[in-house]
Structures are given as structure tokens and as C-alpha cells.
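Novice: One file: target32.txt (compact mmCIF, C-alpha atoms).
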# COMPACT_ATOMS: atom_id res chain seq x y z
CA MET A 1 -23.67 0.59 22.71
CA ASN A 2 -24.33 4.10 21.52
CA ASP A 3 -27.13 4.54 18.99
CA ALA A 4 -25.74 6.75 16.23
CA SER A 5 -29.10 7.07 14.49
CA PRO A 6 -31.87 9.50 15.52
CA THR A 7 -34.37 6.62 15.24
CA LEU A 8 -34.35 3.25 16.98
CA PRO A 9 -32.83 0.44 14.92
CA ARG A 10 -35.23 -2.28 13.78
CA THR A 11 -32.85 -5.24 13.81
CA LEU A 12 -29.78 -6.44 15.66
CA GLY A 13 -27.87 -6.19 12.39
CA GLU A 14 -28.69 -2.48 12.15
CA THR A 15 -27.63 -1.96 15.76
CA ILE A 16 -24.28 -3.63 15.13
CA THR A 17 -23.78 -1.68 11.91
CA GLN A 18 -24.36 1.56 13.84
CA GLU A 19 -21.95 0.45 16.57
CA ILE A 20 -19.13 -0.33 14.14
CA ARG A 21 -19.77 2.96 12.35
CA ARG A 22 -19.48 4.71 15.73
CA MET A 23 -16.16 2.94 16.34
CA LEU A 24 -14.94 4.31 13.01
CA VAL A 25 -16.14 7.86 13.75
CA GLU A 26 -14.50 7.88 17.19
CA GLY A 27 -11.20 6.51 15.91
CA GLU A 28 -11.39 3.14 17.65
CA LEU A 29 -10.83 1.43 14.29
CA VAL A 30 -8.14 2.79 12.00
CA PRO A 31 -7.51 2.69 8.23
CA GLY A 32 -5.92 -0.52 7.02
CA GLN A 33 -6.70 -2.38 10.24
CA ARG A 34 -7.65 -6.02 9.69
CA LEU A 35 -10.84 -6.93 11.56
CA SER A 36 -10.84 -10.31 13.24
CA GLU A 37 -14.32 -11.73 12.77
CA ALA A 38 -13.98 -14.02 15.79
CA ALA A 39 -12.62 -11.34 18.14
CA LEU A 40 -15.10 -8.64 17.10
CA ALA A 41 -18.09 -11.00 17.30
CA GLU A 42 -16.99 -12.00 20.81
CA SER A 43 -16.46 -8.41 21.99
CA LEU A 44 -19.88 -7.36 20.66
CA ASP A 45 -21.48 -10.56 22.01
CA ILE A 46 -23.10 -11.47 18.70
CA SER A 47 -23.01 -14.30 16.19
CA ARG A 48 -20.65 -14.23 13.23
CA ASN A 49 -23.64 -14.22 10.88
CA THR A 50 -24.91 -10.99 12.44
CA LEU A 51 -21.45 -9.46 12.19
CA ARG A 52 -21.16 -10.47 8.54
CA GLU A 53 -24.45 -8.70 7.85
CA ALA A 54 -22.99 -5.49 9.29
CA PHE A 55 -19.76 -6.03 7.35
CA ARG A 56 -21.71 -6.28 4.08
CA VAL A 57 -23.52 -2.99 4.71
CA LEU A 58 -20.37 -1.12 5.70
CA THR A 59 -18.48 -2.55 2.73
CA ARG A 60 -21.18 -1.21 0.37
CA GLU A 61 -20.78 2.18 2.07
CA GLY A 62 -17.05 2.09 1.36
CA LEU A 63 -16.06 2.04 5.05
CA LEU A 64 -14.75 -1.53 5.03
CA LYS A 65 -13.03 -3.57 2.34
CA HIS A 66 -13.38 -7.30 1.77
CA GLU A 67 -10.62 -9.13 -0.07
CA PRO A 68 -10.52 -12.86 -0.82
CA ASN A 69 -8.11 -14.73 1.47
CA ARG A 70 -7.46 -11.56 3.49
CA GLY A 71 -10.80 -11.00 5.12
CA VAL A 72 -12.20 -7.60 6.09
CA THR A 73 -10.08 -4.49 6.64
CA VAL A 74 -10.92 -0.87 7.40
CA ALA A 75 -10.91 1.19 4.20
CA GLU A 76 -8.29 3.82 3.40
CA PRO A 77 -9.82 6.86 1.62
CA ASP A 78 -8.04 8.31 -1.40
CA MET A 79 -7.67 11.98 -2.37
CA ALA A 80 -10.72 11.95 -4.67
CA SER A 81 -12.85 10.63 -1.80
CA ILE A 82 -11.62 13.36 0.55
CA ILE A 83 -12.48 16.08 -1.98
CA ASP A 84 -15.96 14.64 -2.44
CA ILE A 85 -16.51 14.33 1.32
CA TYR A 86 -15.75 18.03 1.80
CA ARG A 87 -18.00 18.97 -1.12
CA VAL A 88 -20.86 17.14 0.59
CA ARG A 89 -19.98 18.62 3.98
CA ARG A 90 -20.12 22.20 2.72
CA PHE A 91 -23.47 21.57 1.07
CA ILE A 92 -25.02 19.96 4.16
CA GLU A 93 -23.43 21.85 7.04
CA CYS A 94 -23.65 25.37 5.63
CA LYS A 95 -27.33 24.86 4.73
CA ALA A 96 -28.01 23.50 8.22
CA ILE A 97 -26.29 26.26 10.18
CA ALA A 98 -27.96 28.96 8.08
CA GLN A 99 -31.23 28.13 9.85
CA ALA A 100 -29.74 27.83 13.34
CA TYR A 101 -31.23 29.48 16.39
CA PRO A 102 -29.93 29.67 19.98
CA GLN A 103 -32.54 27.43 21.63
CA HIS A 104 -32.29 24.55 19.16
CA PRO A 105 -31.14 21.23 20.73
CA GLY A 106 -28.39 21.09 18.10
CA THR A 107 -26.99 24.35 19.46
CA LEU A 108 -26.85 22.88 22.95
CA HIS A 109 -25.04 19.83 21.58
CA MET A 110 -22.58 22.14 19.81
CA ARG A 111 -21.85 23.74 23.20
CA GLU A 112 -21.29 20.31 24.77
CA ALA A 113 -18.89 19.36 21.96
CA VAL A 114 -16.90 22.60 22.32
CA GLU A 115 -16.54 22.08 26.08
CA LEU A 116 -15.54 18.44 25.57
CA GLY A 117 -12.89 19.51 23.06
CA GLU A 118 -11.50 22.11 25.44
CA ARG A 119 -11.20 19.55 28.23
CA ALA A 120 -9.48 17.10 25.87
CA ARG A 121 -7.04 19.84 24.82
CA GLU A 122 -6.14 20.50 28.45
CA SER A 123 -5.32 16.81 28.94
CA LYS A 124 -3.53 16.66 25.55
CA ASP A 125 -5.79 13.84 24.39
CA TRP A 126 -5.69 14.65 20.70
CA VAL A 127 -7.79 11.68 19.61
CA ALA A 128 -10.51 12.88 21.99
CA VAL A 129 -10.13 16.39 20.53
CA GLY A 130 -10.84 14.86 17.13
CA THR A 131 -13.88 13.02 18.44
CA ALA A 132 -15.22 16.23 20.01
CA ASN A 133 -14.75 17.96 16.66
CA MET A 134 -16.76 15.24 14.93
CA MET A 135 -19.49 15.71 17.56
CA PHE A 136 -19.53 19.45 16.87
CA HIS A 137 -20.18 18.97 13.17
CA LYS A 138 -22.73 16.24 13.80
CA SER A 139 -24.56 18.74 16.03
CA ILE A 140 -24.54 21.30 13.22
CA VAL A 141 -26.37 18.80 11.00
CA GLU A 142 -28.99 18.37 13.75
CA LEU A 143 -29.98 21.98 13.10
CA ALA A 144 -31.58 20.85 9.83
CA ASP A 145 -34.20 18.81 11.74
CA SER A 146 -33.89 15.92 9.27
CA PRO A 147 -33.44 12.40 10.71
CA ARG A 148 -32.58 11.06 7.24
CA LEU A 149 -29.87 13.67 6.78
CA GLN A 150 -28.41 12.79 10.16
CA VAL A 151 -28.21 9.11 9.20
CA PHE A 152 -26.52 9.98 5.91
CA TYR A 153 -24.09 12.32 7.65
CA GLY A 154 -23.15 9.48 10.00
CA GLN A 155 -21.65 7.67 7.03
CA ILE A 156 -19.84 10.82 5.88
CA SER A 157 -18.42 11.30 9.38
CA ALA A 158 -17.05 7.77 9.40
CA GLU A 159 -15.35 8.28 6.02
CA LEU A 160 -13.91 11.58 7.21
CA ARG A 161 -12.47 10.04 10.37
CA LEU A 162 -10.83 7.37 8.22
CA ALA A 163 -9.17 10.11 6.17
CA PHE A 164 -7.90 11.66 9.41
CA GLY A 165 -6.66 8.23 10.49
CA VAL A 166 -4.60 7.81 7.33
CA LEU A 167 -2.72 11.00 8.21
CA ASN A 168 -2.18 9.89 11.82
CA ASP A 169 -1.53 13.35 13.29
CA PRO A 170 -4.65 14.30 15.31
CA GLN A 171 -3.01 17.25 17.06
CA PHE A 172 -2.03 18.90 13.78
CA LEU A 173 -5.41 18.18 12.18
CA HIS A 174 -7.79 19.13 14.99
CA LEU A 175 -6.14 21.59 17.37
CA PRO A 176 -6.36 24.68 15.09
CA PHE A 177 -10.11 24.25 14.72
CA LEU A 178 -11.12 24.19 18.40
CA ASP A 179 -11.18 27.98 18.69
CA MET A 180 -13.01 28.22 15.35
CA ASN A 181 -15.68 25.90 16.72
CA ALA A 182 -16.11 28.20 19.71
CA SER A 183 -16.38 31.27 17.47
CA ILE A 184 -19.02 29.65 15.25
CA LEU A 185 -20.95 28.58 18.35
CA THR A 186 -20.88 32.14 19.70
CA CYS A 187 -22.43 33.42 16.47
CA VAL A 188 -25.23 30.85 16.69
CA GLU A 189 -25.89 31.55 20.36
CA GLU A 190 -26.09 35.27 19.60
CA GLY A 191 -28.57 34.67 16.76
CA ARG A 192 -26.10 35.56 14.00
CA ALA A 193 -26.70 32.57 11.74
CA GLY A 194 -25.47 34.45 8.67
CA ASP A 195 -22.08 35.14 10.26
CA ALA A 196 -21.89 31.53 11.45
CA THR A 197 -22.54 30.31 7.90
CA THR A 198 -19.79 32.52 6.44
CA MET A 199 -17.33 31.37 9.10
CA LEU A 200 -18.21 27.71 8.64
CA ASP A 201 -17.74 27.88 4.88
CA ALA A 202 -14.26 29.39 5.30
CA TYR A 203 -13.52 26.85 8.05
CA LEU A 204 -14.37 23.87 5.81
CA VAL A 205 -12.29 25.26 2.95
CA GLN A 206 -9.32 25.64 5.29
CA SER A 207 -9.87 22.18 6.77
CA GLU A 208 -10.00 20.59 3.32
CA ARG A 209 -6.76 22.27 2.26
CA THR A 210 -5.07 21.16 5.49
CA VAL A 211 -6.19 17.55 5.10
CA LEU A 212 -5.29 17.35 1.40
CA ALA A 213 -1.86 18.88 1.97
CA ALA A 214 -1.16 16.47 4.81
CA TYR A 215 -2.46 13.56 2.73
CA GLU A 216 -0.20 14.47 -0.18
CA ARG A 217 2.82 14.64 2.15
CA SER A 218 1.96 11.26 3.67
CA MET A 219 1.84 9.65 0.21
CA LYS A 220 5.40 10.83 -0.54
CA ARG A 221 6.91 9.17 2.51
Taking this structure as input, can you express it in the form of C-alpha cells?

Specialist:
Amino acid sequence: MNDASPTLPRTLGETITQEIRRMLVEGELVPGQRLSEAALAESLDISRNTLREAFRVLTREGLLKHEPNRGVTVAEPDMASIIDIYRVRRFIECKAIAQAYPQHPGTLHMREAVELGERARESKDWVAVGTANMMFHKSIVELADSPRLQVFYGQISAELRLAFGVLNDPQFLHLPFLDMNASILTCVEEGRAGDATTMLDAYLVQSERTVLAAYERSMKR
């Protein structure tokens, strides 16, 4: 299992919560999907009680939804949630990249994410392109040097990936931003944090408009 937190988890329940959150961020679980308690507990090699503990946490975070007689399903974000997610993203990411410098580990992780996205584009794996994009923005948050902020952003990333999942068109949503990622990275690597901040702000505004427009179209079908 991948540890999505910058600090080691203290309990098995926290580890499982992080693993399910990772599955949401990487698109392995999709909006509206019903989660089989028995099957998921078996695949994660844990007890149902431990899984229920993780379910309770993720339900409080708004990532899962529990309904009587229906069990647990993956949440489907609404338009208000998407707007709020982008408001938070601009506040966090633009502040983080404003203090970027070329040798920071987050910058190196941004480079890895850009290269991963380019390889995924070559193989036309659009879900992997989306995952690489999520990694790129997670790496931007690393520039803030705040473990707590990284944990919080992990939840935001999961909610954002659910919004992308509702729209179900990863090529349309992620492909236009690969080259923008590379341009922002170049600014950071050249020590031009101010330019990177300006570009990222415009990038997030464009991304929000794209997602909201696609969401509105999907609701009319």
C-alpha cells in the first residue's frame, strides 16, 4: 500500500483510510460506485470492523456516502463542491508555489509527474494522465513544507478526482494541461517563482471553468 501521508500512520485504520483515499485520487474507485464491504475487506486483507472505521472517516470527509439498506457508495460531488474545491486549491497552491525554489524536493517531484504524464500521453492512457496531473499538484503543495497541509490537500485531491470521475472524459479534462504543467515547472526550475504563480493562477481558473462547463453539460444529458 502507498502511504499518502507525509507521516507514518499510527493505526491500521489510518493506513486503510489512506489507502482508500489513494484509490479515490488515482481513479480506481469512481463516483456512484457501490463498495462491497466483503470484497474490499478481502482485497485489503483486513477485518470488516477495520474497514468500517475507514468508511466512517471517509464518510465524514464527504468522500463516501452511507445510506440505510444500500450500504456505502462513492460520493458524487455537486457544482457547489467543485467551486469550493477550486477556491481552496487557488489559495493553497498559489501560496505554495510562490515560495518555490529549484532544489526543493517538491520541484523534483513536479518533474517526475510531468515526465509520467508525458509517457502516459504517448500510450494514450488518459486515466494515467489524470493521475500524473494529480501528482503534479500534490508536489506543488509539498513546496509549502507543511505536513498538515499535505494531509489536508490529500482529501481535496480525492474530492477533485471524484468530480473528474463524474464527467468521465479524462482526455478532455487532462490533456490540455500537460503542457501547462511543463511550463510552470520550467519557471520553477529557472527560479522564476513569481511567473510560476501567475501561470498557476490562470491555469486553475481555466481548469475550473472547463470542469464546471463539462459538469453542466453532463447534468443535461

Novice: Calculate how many Å separate CA of Gly191 in chain A from CA of Arg87 in chain A, rounding to one decimal.

Specialist: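 Result for CA of Gly191 in chain A versus CA of Arg87 in chain A: 26.0 Å, one decimal.
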
Novice: Range 71-121 of chain A near range 165-184 of chain A within 9 Å: what's each residue's closest atom pair and its distance in Å to one decimal, counting all atoms listed in the file, ordered by chain then ascending residue number, as JSON lines?

Specialist:
{"residue": "A:Glu76", "atom": "CA", "partner": "A:Val166", "partner_atom": "CA", "distance": 6.7}
{"residue": "A:Pro77", "atom": "CA", "partner": "A:Val166", "partner_atom": "CA", "distance": 7.8}
{"residue": "A:Met110", "atom": "CA", "partner": "A:Asn181", "partner_atom": "CA", "distance": 8.4}
{"residue": "A:Arg111", "atom": "CA", "partner": "A:Ala182", "partner_atom": "CA", "distance": 8.1}
{"residue": "A:Ala113", "atom": "CA", "partner": "A:Asn181", "partner_atom": "CA", "distance": 9.0}
{"residue": "A:Val114", "atom": "CA", "partner": "A:Ala182", "partner_atom": "CA", "distance": 6.2}
{"residue": "A:Glu115", "atom": "CA", "partner": "A:Ala182", "partner_atom": "CA", "distance": 8.8}
{"residue": "A:Gly117", "atom": "CA", "partner": "A:Leu178", "partner_atom": "CA", "distance": 6.8}
{"residue": "A:Glu118", "atom": "CA", "partner": "A:Leu178", "partner_atom": "CA", "distance": 7.4}
{"residue": "A:Arg121", "atom": "CA", "partner": "A:Leu175", "partner_atom": "CA", "distance": 7.7}

Novice: Between A:Thr210, A:Thr15, A:Ser218, A:Thr107, single out the one closest to Ile46 in chain A, counting only C-alpha atoms.

Specialist: A:Thr15

Novice: Using only C-alpha atoms, can you tell me which of A:Phe164, A:Phe136, A:Tyr153, A:Tyr101 comes closest to Leu29 in chain A?

Specialist: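 Among A:Phe164, A:Phe136, A:Tyr153, A:Tyr101, it is A:Phe164 that comes nearest to Leu29 in chain A.
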
Novice: Go through A:Gly13, A:Pro147, A:Gly62, A:Pro31 one by one, measure the shortest atom-to-atom distance of each to Ala163 in chain A using all atoms listed in the file, and give the residue with the smallest value.

Specialist: A:Pro31

Novice: How far is it from CA of Glu26 in chain A to CA of Arg56 in chain A, in Å with one decimal?

Specialist: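 One can read the CA of Glu26 in chain A to CA of Arg56 in chain A distance as 20.6 Å.
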
Novice: My list of candidates is A:Ile92, A:Leu51, A:Ala193, A:Ala100. Which is closest to Phe152 in chain A when distances are computed with all atoms listed in the file?

Specialist: A:Ile92

Novice: Counting only C-alpha atoms, which residue out of A:Met199, A:Ala132, A:Met79, A:Leu116 sits closest to Met219 in chain A?

Specialist: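 Residue with the minimum atom-to-atom distance to Met219 in chain A: A:Met79.
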
Novice: Since the input has fewer atoms than a full residue there, write range 73-84 of chain A out with N, CA and C atoms, as an mmCIF file, keeping the file's coordinate frame.

Specialist:
data_model
loop_
_atom_site.group_PDB
_atom_site.id
_atom_site.type_symbol
_atom_site.label_atom_id
_atom_site.label_comp_id
_atom_site.auth_asym_id
_atom_site.auth_seq_id
_atom_site.Cartn_x
_atom_site.Cartn_y
_atom_site.Cartn_z
ATOM 1 N N THR A 73 -10.943 -5.528 6.087
ATOM 2 C CA THR A 73 -10.080 -4.490 6.640
ATOM 3 C C THR A 73 -10.811 -3.150 6.597
ATOM 4 N N VAL A 74 -10.364 -2.219 7.410
ATOM 5 C CA VAL A 74 -10.920 -0.870 7.400
ATOM 6 C C VAL A 74 -10.394 -0.145 6.168
ATOM 7 N N ALA A 75 -11.278 0.529 5.460
ATOM 8 C CA ALA A 75 -10.910 1.190 4.200
ATOM 9 C C ALA A 75 -9.963 2.359 4.427
ATOM 10 N N GLU A 76 -9.203 2.673 3.395
ATOM 11 C CA GLU A 76 -8.290 3.820 3.400
ATOM 12 C C GLU A 76 -8.718 4.777 2.290
ATOM 13 N N PRO A 77 -9.321 5.922 2.632
ATOM 14 C CA PRO A 77 -9.820 6.860 1.620
ATOM 15 C C PRO A 77 -8.693 7.405 0.747
ATOM 16 N N ASP A 78 -9.008 7.678 -0.526
ATOM 17 C CA ASP A 78 -8.040 8.310 -1.400
ATOM 18 C C ASP A 78 -8.350 9.807 -1.521
ATOM 19 N N MET A 79 -7.524 10.529 -2.276
ATOM 20 C CA MET A 79 -7.670 11.980 -2.370
ATOM 21 C C MET A 79 -9.010 12.382 -2.999
ATOM 22 N N ALA A 80 -9.441 11.641 -4.019
ATOM 23 C CA ALA A 80 -10.720 11.950 -4.670
ATOM 24 C C ALA A 80 -11.868 11.825 -3.677
ATOM 25 N N SER A 81 -11.805 10.817 -2.805
ATOM 26 C CA SER A 81 -12.850 10.630 -1.800
ATOM 27 C C SER A 81 -12.878 11.790 -0.811
ATOM 28 N N ILE A 82 -11.703 12.245 -0.395
ATOM 29 C CA ILE A 82 -11.620 13.360 0.550
ATOM 30 C C ILE A 82 -12.239 14.621 -0.054
ATOM 31 N N ILE A 83 -11.912 14.901 -1.310
ATOM 32 C CA ILE A 83 -12.480 16.080 -1.980
ATOM 33 C C ILE A 83 -13.995 15.993 -2.033
ATOM 34 N N ASP A 84 -14.508 14.817 -2.348
ATOM 35 C CA ASP A 84 -15.960 14.640 -2.440
ATOM 36 C C ASP A 84 -16.617 14.765 -1.071
#
